[in-house]
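Q: File work-v3.cif follows (mmCIF, C-alpha atoms):
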```cif
data_coords
#
loop_
_atom_site.label_atom_id
_atom_site.label_comp_id
_atom_site.auth_asym_id
_atom_site.auth_seq_id
_atom_site.Cartn_x
_atom_site.Cartn_y
_atom_site.Cartn_z
CA MET A 640 39.64 -209.21 -160.65
CA THR A 641 40.82 -208.52 -157.11
CA THR A 642 38.27 -207.88 -154.34
CA ASN A 643 39.29 -205.40 -151.66
CA LEU A 644 38.32 -206.19 -148.08
CA LYS A 645 38.71 -204.16 -144.88
CA ILE A 646 39.78 -206.24 -141.89
CA ASP A 647 39.69 -204.95 -138.31
CA PHE A 648 41.72 -207.20 -136.01
CA VAL A 649 40.73 -206.69 -132.35
CA SER A 650 43.21 -208.34 -130.00
CA ASP A 651 45.58 -208.13 -127.04
CA VAL A 652 49.35 -208.58 -127.11
CA SER A 653 49.04 -210.85 -124.06
CA CYS A 654 46.65 -213.26 -125.83
CA PRO A 655 48.32 -216.39 -127.29
CA TRP A 656 45.28 -217.18 -129.44
CA CYS A 657 45.66 -213.73 -131.00
CA ALA A 658 49.18 -214.67 -132.12
CA ILE A 659 47.80 -217.89 -133.60
CA GLY A 660 44.87 -216.11 -135.20
CA LEU A 661 47.01 -213.43 -136.83
CA SER A 662 49.47 -215.96 -138.22
CA ALA A 663 46.67 -218.14 -139.56
CA LEU A 664 44.95 -215.11 -141.09
CA GLU A 665 48.21 -214.19 -142.80
CA GLN A 666 48.40 -217.73 -144.22
CA ALA A 667 44.86 -217.38 -145.51
CA LEU A 668 45.61 -214.02 -147.11
CA ALA A 669 48.64 -215.53 -148.83
CA ALA A 670 46.40 -218.31 -150.18
CA VAL A 671 43.90 -215.82 -151.66
CA GLU A 672 46.52 -213.42 -153.02
CA GLY A 673 45.51 -212.17 -156.42
CA ASP A 674 41.83 -212.77 -155.70
CA ILE A 675 41.53 -210.76 -152.47
CA HIS A 676 43.44 -207.79 -151.10
CA ALA A 677 42.96 -206.91 -147.44
CA GLU A 678 43.50 -203.58 -145.73
CA MET A 679 44.22 -204.47 -142.11
CA HIS A 680 43.75 -202.33 -139.02
CA PHE A 681 44.63 -203.37 -135.47
CA HIS A 682 42.53 -202.37 -132.47
CA PRO A 683 43.01 -202.68 -128.70
CA PHE A 684 41.46 -205.14 -126.29
CA GLU A 685 42.88 -205.63 -122.78
CA LEU A 686 42.40 -209.02 -121.18
CA ASN A 687 43.76 -207.68 -117.88
CA PRO A 688 43.31 -203.90 -117.79
CA GLN A 689 43.81 -203.77 -114.02
CA MET A 690 47.15 -205.61 -114.10
CA GLY A 691 49.76 -203.74 -112.04
CA PRO A 692 53.22 -202.64 -113.18
CA ASP A 693 54.93 -205.70 -111.66
CA GLY A 694 52.73 -208.18 -113.53
CA GLN A 695 51.74 -211.54 -112.09
CA ASP A 696 53.02 -215.11 -112.32
CA VAL A 697 51.14 -216.72 -115.19
CA THR A 698 50.22 -219.92 -113.31
CA GLU A 699 48.94 -217.94 -110.32
CA HIS A 700 47.03 -215.61 -112.63
CA LEU A 701 45.31 -218.33 -114.64
CA THR A 702 44.41 -220.24 -111.47
CA GLN A 703 42.82 -217.13 -109.96
CA LYS A 704 41.05 -216.07 -113.14
CA TYR A 705 39.81 -219.40 -114.49
CA GLY A 706 40.22 -221.86 -111.62
CA SER A 707 42.46 -224.06 -113.77
CA THR A 708 45.11 -226.37 -112.33
CA PRO A 709 48.79 -226.27 -113.34
CA GLU A 710 48.25 -229.61 -115.11
CA GLN A 711 45.32 -228.22 -117.12
CA GLN A 712 47.36 -225.14 -117.98
CA ALA A 713 50.25 -227.31 -119.21
CA GLN A 714 47.85 -229.18 -121.48
CA VAL A 715 46.49 -225.91 -122.88
CA ARG A 716 50.05 -224.64 -123.47
CA ALA A 717 50.86 -227.81 -125.41
CA THR A 718 47.78 -227.28 -127.57
CA ILE A 719 48.74 -223.64 -128.13
CA ARG A 720 52.27 -224.62 -129.18
CA GLU A 721 50.88 -227.16 -131.65
CA ARG A 722 48.39 -224.71 -133.12
CA GLY A 723 51.10 -222.07 -133.28
CA ALA A 724 53.39 -224.40 -135.19
CA GLU A 725 50.60 -225.09 -137.70
CA ALA A 726 50.13 -221.36 -138.21
CA GLY A 727 53.85 -220.63 -138.37
CA PHE A 728 54.19 -218.95 -134.97
CA ALA A 729 56.83 -220.27 -132.56
CA PHE A 730 55.91 -220.01 -128.88
CA LYS A 731 58.65 -220.16 -126.27
CA PRO A 732 58.48 -223.78 -125.00
CA GLU A 733 58.82 -222.72 -121.36
CA GLY A 734 55.88 -220.36 -121.65
CA ARG A 735 55.51 -216.66 -120.87
CA GLY A 736 56.37 -216.68 -117.17
CA ARG A 737 54.33 -213.62 -116.23
CA ILE A 738 51.25 -211.71 -117.32
CA TRP A 739 51.83 -208.00 -117.89
CA ASN A 740 49.85 -204.83 -118.47
CA THR A 741 49.59 -204.08 -122.20
CA PHE A 742 48.14 -200.54 -122.23
CA ASP A 743 51.35 -198.86 -123.41
CA ALA A 744 51.74 -201.45 -126.15
CA HIS A 745 48.25 -200.58 -127.38
CA ARG A 746 49.09 -196.87 -127.32
CA LEU A 747 52.11 -197.52 -129.53
CA LEU A 748 50.06 -199.67 -131.90
CA LEU A 749 47.51 -196.88 -132.35
CA TRP A 750 50.35 -194.41 -132.92
CA ALA A 751 51.86 -196.72 -135.55
CA GLY A 752 48.50 -196.99 -137.27
CA GLU A 753 48.02 -193.22 -137.40
CA GLU A 754 51.56 -191.96 -138.00
CA GLY A 755 53.42 -194.93 -139.46
CA ALA A 756 53.78 -195.99 -143.07
CA PRO A 757 51.41 -198.59 -144.54
CA GLY A 758 52.13 -202.00 -143.05
CA GLN A 759 54.12 -200.73 -140.07
CA GLN A 760 51.29 -201.16 -137.57
CA HIS A 761 50.94 -204.77 -138.73
CA ALA A 762 54.70 -205.28 -138.44
CA LEU A 763 54.76 -203.78 -134.93
CA LYS A 764 51.89 -206.01 -133.84
CA LYS A 765 53.81 -209.09 -135.01
CA ALA A 766 57.02 -207.87 -133.36
CA LEU A 767 55.25 -207.36 -130.01
CA LEU A 768 53.55 -210.77 -130.17
CA THR A 769 56.91 -212.38 -130.92
CA ALA A 770 58.67 -210.49 -128.12
CA TYR A 771 56.13 -211.65 -125.53
CA HIS A 772 55.07 -215.11 -126.68
CA GLY A 773 58.26 -216.07 -128.48
CA ARG A 774 60.83 -214.69 -126.04
CA ALA A 775 58.81 -214.02 -122.83
CA GLU A 776 59.78 -210.32 -122.86
CA SER A 777 57.51 -207.91 -121.02
CA PRO A 778 55.20 -205.81 -123.22
CA ALA A 779 55.02 -203.38 -120.28
CA ASP A 780 58.79 -202.72 -120.50
CA HIS A 781 59.47 -199.58 -122.53
CA ALA A 782 62.85 -200.93 -123.62
CA VAL A 783 61.09 -203.96 -125.14
CA LEU A 784 58.53 -201.73 -126.85
CA LEU A 785 61.21 -199.43 -128.26
CA ALA A 786 63.25 -202.37 -129.54
CA ALA A 787 60.18 -203.55 -131.46
CA VAL A 788 59.68 -200.03 -132.83
CA VAL A 789 63.27 -199.96 -134.10
CA ASP A 790 62.97 -203.48 -135.55
CA VAL A 791 60.08 -202.46 -137.82
CA GLY A 792 61.58 -199.12 -138.87
CA LEU A 793 59.33 -196.76 -136.94
CA ASP A 794 60.57 -193.48 -135.43
CA ALA A 795 62.15 -194.36 -132.07
CA ALA A 796 62.36 -190.75 -130.90
CA ARG A 797 58.67 -190.21 -131.56
CA ALA A 798 57.86 -193.52 -129.86
CA ARG A 799 59.73 -192.33 -126.74
CA GLU A 800 57.65 -189.14 -126.78
CA VAL A 801 54.45 -191.20 -126.95
CA LEU A 802 55.53 -193.50 -124.11
CA GLY A 803 56.65 -190.57 -121.97
CA SER A 804 53.25 -188.91 -122.22
CA ASP A 805 49.59 -189.90 -122.19
CA ALA A 806 49.38 -189.71 -125.98
CA PHE A 807 46.79 -192.05 -127.52
CA ALA A 808 45.55 -193.11 -124.06
CA GLN A 809 42.10 -191.64 -124.63
CA GLU A 810 41.95 -193.17 -128.11
CA VAL A 811 42.77 -196.63 -126.76
CA ARG A 812 40.03 -196.40 -124.13
CA GLU A 813 37.52 -195.09 -126.67
CA ARG A 814 38.18 -197.95 -129.08
CA GLU A 815 38.01 -200.50 -126.29
CA ARG A 816 34.62 -199.11 -125.23
CA PHE A 817 33.42 -199.11 -128.83
CA TYR A 818 34.24 -202.76 -129.51
CA ASN A 819 32.88 -203.77 -126.12
CA SER A 820 29.63 -202.00 -126.99
CA GLN A 821 29.57 -203.97 -130.25
CA GLY A 822 29.58 -207.24 -128.30
CA ILE A 823 33.29 -208.04 -128.53
CA HIS A 824 34.13 -209.67 -125.19
CA SER A 825 36.81 -212.14 -126.26
CA VAL A 826 39.68 -212.04 -128.73
CA PRO A 827 40.88 -212.34 -131.37
CA ALA A 828 37.88 -210.85 -133.14
CA VAL A 829 38.26 -210.43 -136.90
CA ILE A 830 35.70 -208.05 -138.43
CA VAL A 831 35.49 -207.94 -142.22
CA ASN A 832 33.92 -204.96 -144.01
CA ASP A 833 32.39 -203.78 -140.71
CA ARG A 834 29.78 -206.57 -140.93
CA HIS A 835 31.20 -210.07 -140.75
CA LEU A 836 32.70 -211.38 -137.49
CA ILE A 837 35.13 -214.30 -137.34
CA SER A 838 35.82 -215.15 -133.70
CA GLY A 839 38.84 -216.91 -132.21
CA GLY A 840 42.20 -218.18 -133.40
CA GLN A 841 40.78 -220.15 -136.31
CA PRO A 842 42.86 -222.36 -138.63
CA ALA A 843 44.02 -220.81 -141.90
CA GLU A 844 41.54 -222.82 -143.97
CA VAL A 845 38.61 -221.45 -141.93
CA PHE A 846 39.79 -217.89 -142.51
CA GLU A 847 40.34 -218.58 -146.19
CA GLN A 848 36.87 -220.04 -146.68
CA ALA A 849 35.26 -217.12 -144.84
CA LEU A 850 37.21 -214.51 -146.81
CA ARG A 851 36.29 -216.13 -150.13
CA GLN A 852 32.62 -216.27 -149.15
CA ILE A 853 32.59 -212.63 -148.07
CA ALA A 854 34.45 -211.54 -151.21
CA ALA A 855 31.99 -213.47 -153.41
CA GLY A 856 29.11 -211.58 -151.83
CA SER A 857 30.77 -208.16 -151.99
#
```
I'd like the structure from this file rewritten - as structure tokens, please.

A:
Amino acid sequence: MTTNLKIDFVSDVSCPWCAIGLSALEQALAAVEGDIHAEMHFHPFELNPQMGPDGQDVTEHLTQKYGSTPEQQAQVRATIRERGAEAGFAFKPEGRGRIWNTFDAHRLLLWAGEEGAPGQQHALKKALLTAYHGRAESPADHAVLLAAVVDVGLDAARAREVLGSDAFAQEVRERERFYNSQGIHSVPAVIVNDRHLISGGQPAEVFEQALRQIAAGS
């Protein structure tokens, strides 16, 4: 008998650990297929909501934000690449280059969740993570966003309308405030059945164990 679970995935396109976490979660869901079926929803979290339209050099940004040295950052990038490889996500070896504003990407993701077919929001999320972390393309660039929309079969004309307006802007801010009020201050945050929180880009086996435990108690 299959147990149905609701999974809310709170994350930012600019977060490398979110790419790792999503890929590892997908591995876990593949491992429990037949026993557990998950209905996934993706929600916005901005690591850098004040980031300007020109972005910022990633080394400069991380030094200002965390006080880390370029050598420390290189070590973290190596760890991220290794963890990504384990989870099946390929990071661009040279890194991302710049940090960008992701608000428009979040607006499109909410649009895909509300107006797209089942699975298209998930596909768009993966396409945007790959564009940024795999190819160092800007998630603030509307051409990049529209290319991802086309890649996953969403309506490009409607996506242009969304990007050319303030559609879904209020909804993004409301959801960000909601999850912040629920104590979500770092991502990825994986919330199962509105009750169980799994924090961080965990390995697939950790996600699998947690999902099986939650399903057993459902």

Q: Evaluate the PyMOL selection byres ((chain A and resi 752) around 12) and record the selected residues as a PyMOL selection string, following the chain and residue labels used in the document.

A: chain A and resi 647+678-683+745-751+753-764+793+807+810-811

Q: Which neighbours of region 826-842 of chain A fall inside 6 Å, counting all atoms listed in the file, when residues of the same chain fewer than 6 positions from it are skipped, and could you give them as a ChimeraX atom specification?

A: /A:645-650,656-657,659-660,663

Q: Using all atoms listed in the file, which of A:Ser662, A:Met690, A:Asp794, A:Leu767 sits nearest Glu725 (chain A)?

A: A:Ser662

Q: Pick out the residues sitting within 12 Å of Ala786 (chain A), and hand them over as a PyMOL selection string; count all atoms listed in the file, and ignore anything fewer than 2 positions along from it in its own chain.

A: chain A and resi 763+766-767+769-770+776-778+780-784+788-796+798-799

Q: What's the separation between CA of His824 (chain A) and CA of Arg812 (chain A), in Å to one decimal place?

A: 14.6 Å

Q: Using the chain letters and residue numbers of this document, give as a list in words the residues selected by the PyMOL selection byres ((chain A and resi 741) around 7).

A: Val652, Glu685, Trp739, Asn740, Phe742, Asp743, Ala744, His745, Pro778 and Ala779 of chain A

Q: List as a PDB file with C-alpha atoms, in the frame of the given file the protein and nucleic acid residues near Ile675 (chain A), meaning an atom at most 7 Å away when only C-alpha atoms are counted, but skip any in the same chain fewer than 4 places from it.

A:
```
ATOM      1  CA  THR A 641      40.820-208.520-157.110  1.00  0.00           C
ATOM      2  CA  THR A 642      38.270-207.880-154.340  1.00  0.00           C
ATOM      3  CA  ASN A 643      39.290-205.400-151.660  1.00  0.00           C
ATOM      4  CA  VAL A 671      43.900-215.820-151.660  1.00  0.00           C
TER       5      VAL A 671
END
```

Q: Could you check the closest approach to Arg737 (chain A) for each of A:Gln712, A:Gln689, A:Thr698, A:Ser857 and tell me which residue wins, using all atoms listed in the file?

A: A:Thr698

Q: Within 10 Å of Leu850 (chain A), counting all atoms listed in the file, which residues show up once you throw out same-chain ones fewer than 2 positions away? Write them as an MDAnalysis selection string, please.

A: chainID A and resid 644 646 664 667:668 671 675 677 831 835 837 844:848 852:856

Q: Go ahead and dump the residues you just picked, C-alpha atoms, as a PDB file, in the coordinates of the input.

A:
```
ATOM      1  CA  LEU A 644      38.320-206.190-148.080  1.00  0.00           C
ATOM      2  CA  ILE A 646      39.780-206.240-141.890  1.00  0.00           C
ATOM      3  CA  LEU A 664      44.950-215.110-141.090  1.00  0.00           C
ATOM      4  CA  ALA A 667      44.860-217.380-145.510  1.00  0.00           C
ATOM      5  CA  LEU A 668      45.610-214.020-147.110  1.00  0.00           C
ATOM      6  CA  VAL A 671      43.900-215.820-151.660  1.00  0.00           C
ATOM      7  CA  ILE A 675      41.530-210.760-152.470  1.00  0.00           C
ATOM      8  CA  ALA A 677      42.960-206.910-147.440  1.00  0.00           C
ATOM      9  CA  VAL A 831      35.490-207.940-142.220  1.00  0.00           C
ATOM     10  CA  HIS A 835      31.200-210.070-140.750  1.00  0.00           C
ATOM     11  CA  ILE A 837      35.130-214.300-137.340  1.00  0.00           C
ATOM     12  CA  GLU A 844      41.540-222.820-143.970  1.00  0.00           C
ATOM     13  CA  VAL A 845      38.610-221.450-141.930  1.00  0.00           C
ATOM     14  CA  PHE A 846      39.790-217.890-142.510  1.00  0.00           C
ATOM     15  CA  GLU A 847      40.340-218.580-146.190  1.00  0.00           C
ATOM     16  CA  GLN A 848      36.870-220.040-146.680  1.00  0.00           C
ATOM     17  CA  GLN A 852      32.620-216.270-149.150  1.00  0.00           C
ATOM     18  CA  ILE A 853      32.590-212.630-148.070  1.00  0.00           C
ATOM     19  CA  ALA A 854      34.450-211.540-151.210  1.00  0.00           C
ATOM     20  CA  ALA A 855      31.990-213.470-153.410  1.00  0.00           C
ATOM     21  CA  GLY A 856      29.110-211.580-151.830  1.00  0.00           C
TER      22      GLY A 856
END
```

Q: If I take CA of Pro692 (chain A) and CA of Gly736 (chain A), how far is one from the other in Å, to one decimal?

A: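 Atom-to-atom, CA of Pro692 (chain A) and CA of Gly736 (chain A) are spaced 14.9 Å apart.
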
Q: Have a look at A:Asp651, A:Glu672, A:Glu699, A:Glu665 and name the one nearest to Leu768 (chain A); count only C-alpha atoms.

A: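 Under the stated criterion, the closest residue is A:Asp651.
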
Q: Have a look at CA of Glu800 (chain A) and CA of Leu661 (chain A) and let me know their distance in Å, one decimal.

A: 28.4 Å

Q: Looking at A:Ala713, A:Ala658, A:Ala670, A:Leu785, which one is nearest to Phe730 (chain A), with distances taken over all atoms listed in the file?

A: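 With all atoms listed in the file as the atom set, the closest residue is A:Ala658.
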
Q: Give the answer as one residue: which of A:Gln666, A:Ser820, A:Ser804, A:Gln809 has the shortest atom-to-atom distance to Ala726 (chain A), using all atoms listed in the file?

A: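 Comparing A:Gln666, A:Ser820, A:Ser804, A:Gln809 against Ala726 (chain A), the winner is A:Gln666.
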
Q: Near Ala775 (chain A), counting only C-alpha atoms, which residues have an atom at most 6 Å away, once you skip same-chain residues fewer than 2 positions from it, shown as a VMD selection string?

A: chain A and resid 735 771 to 772
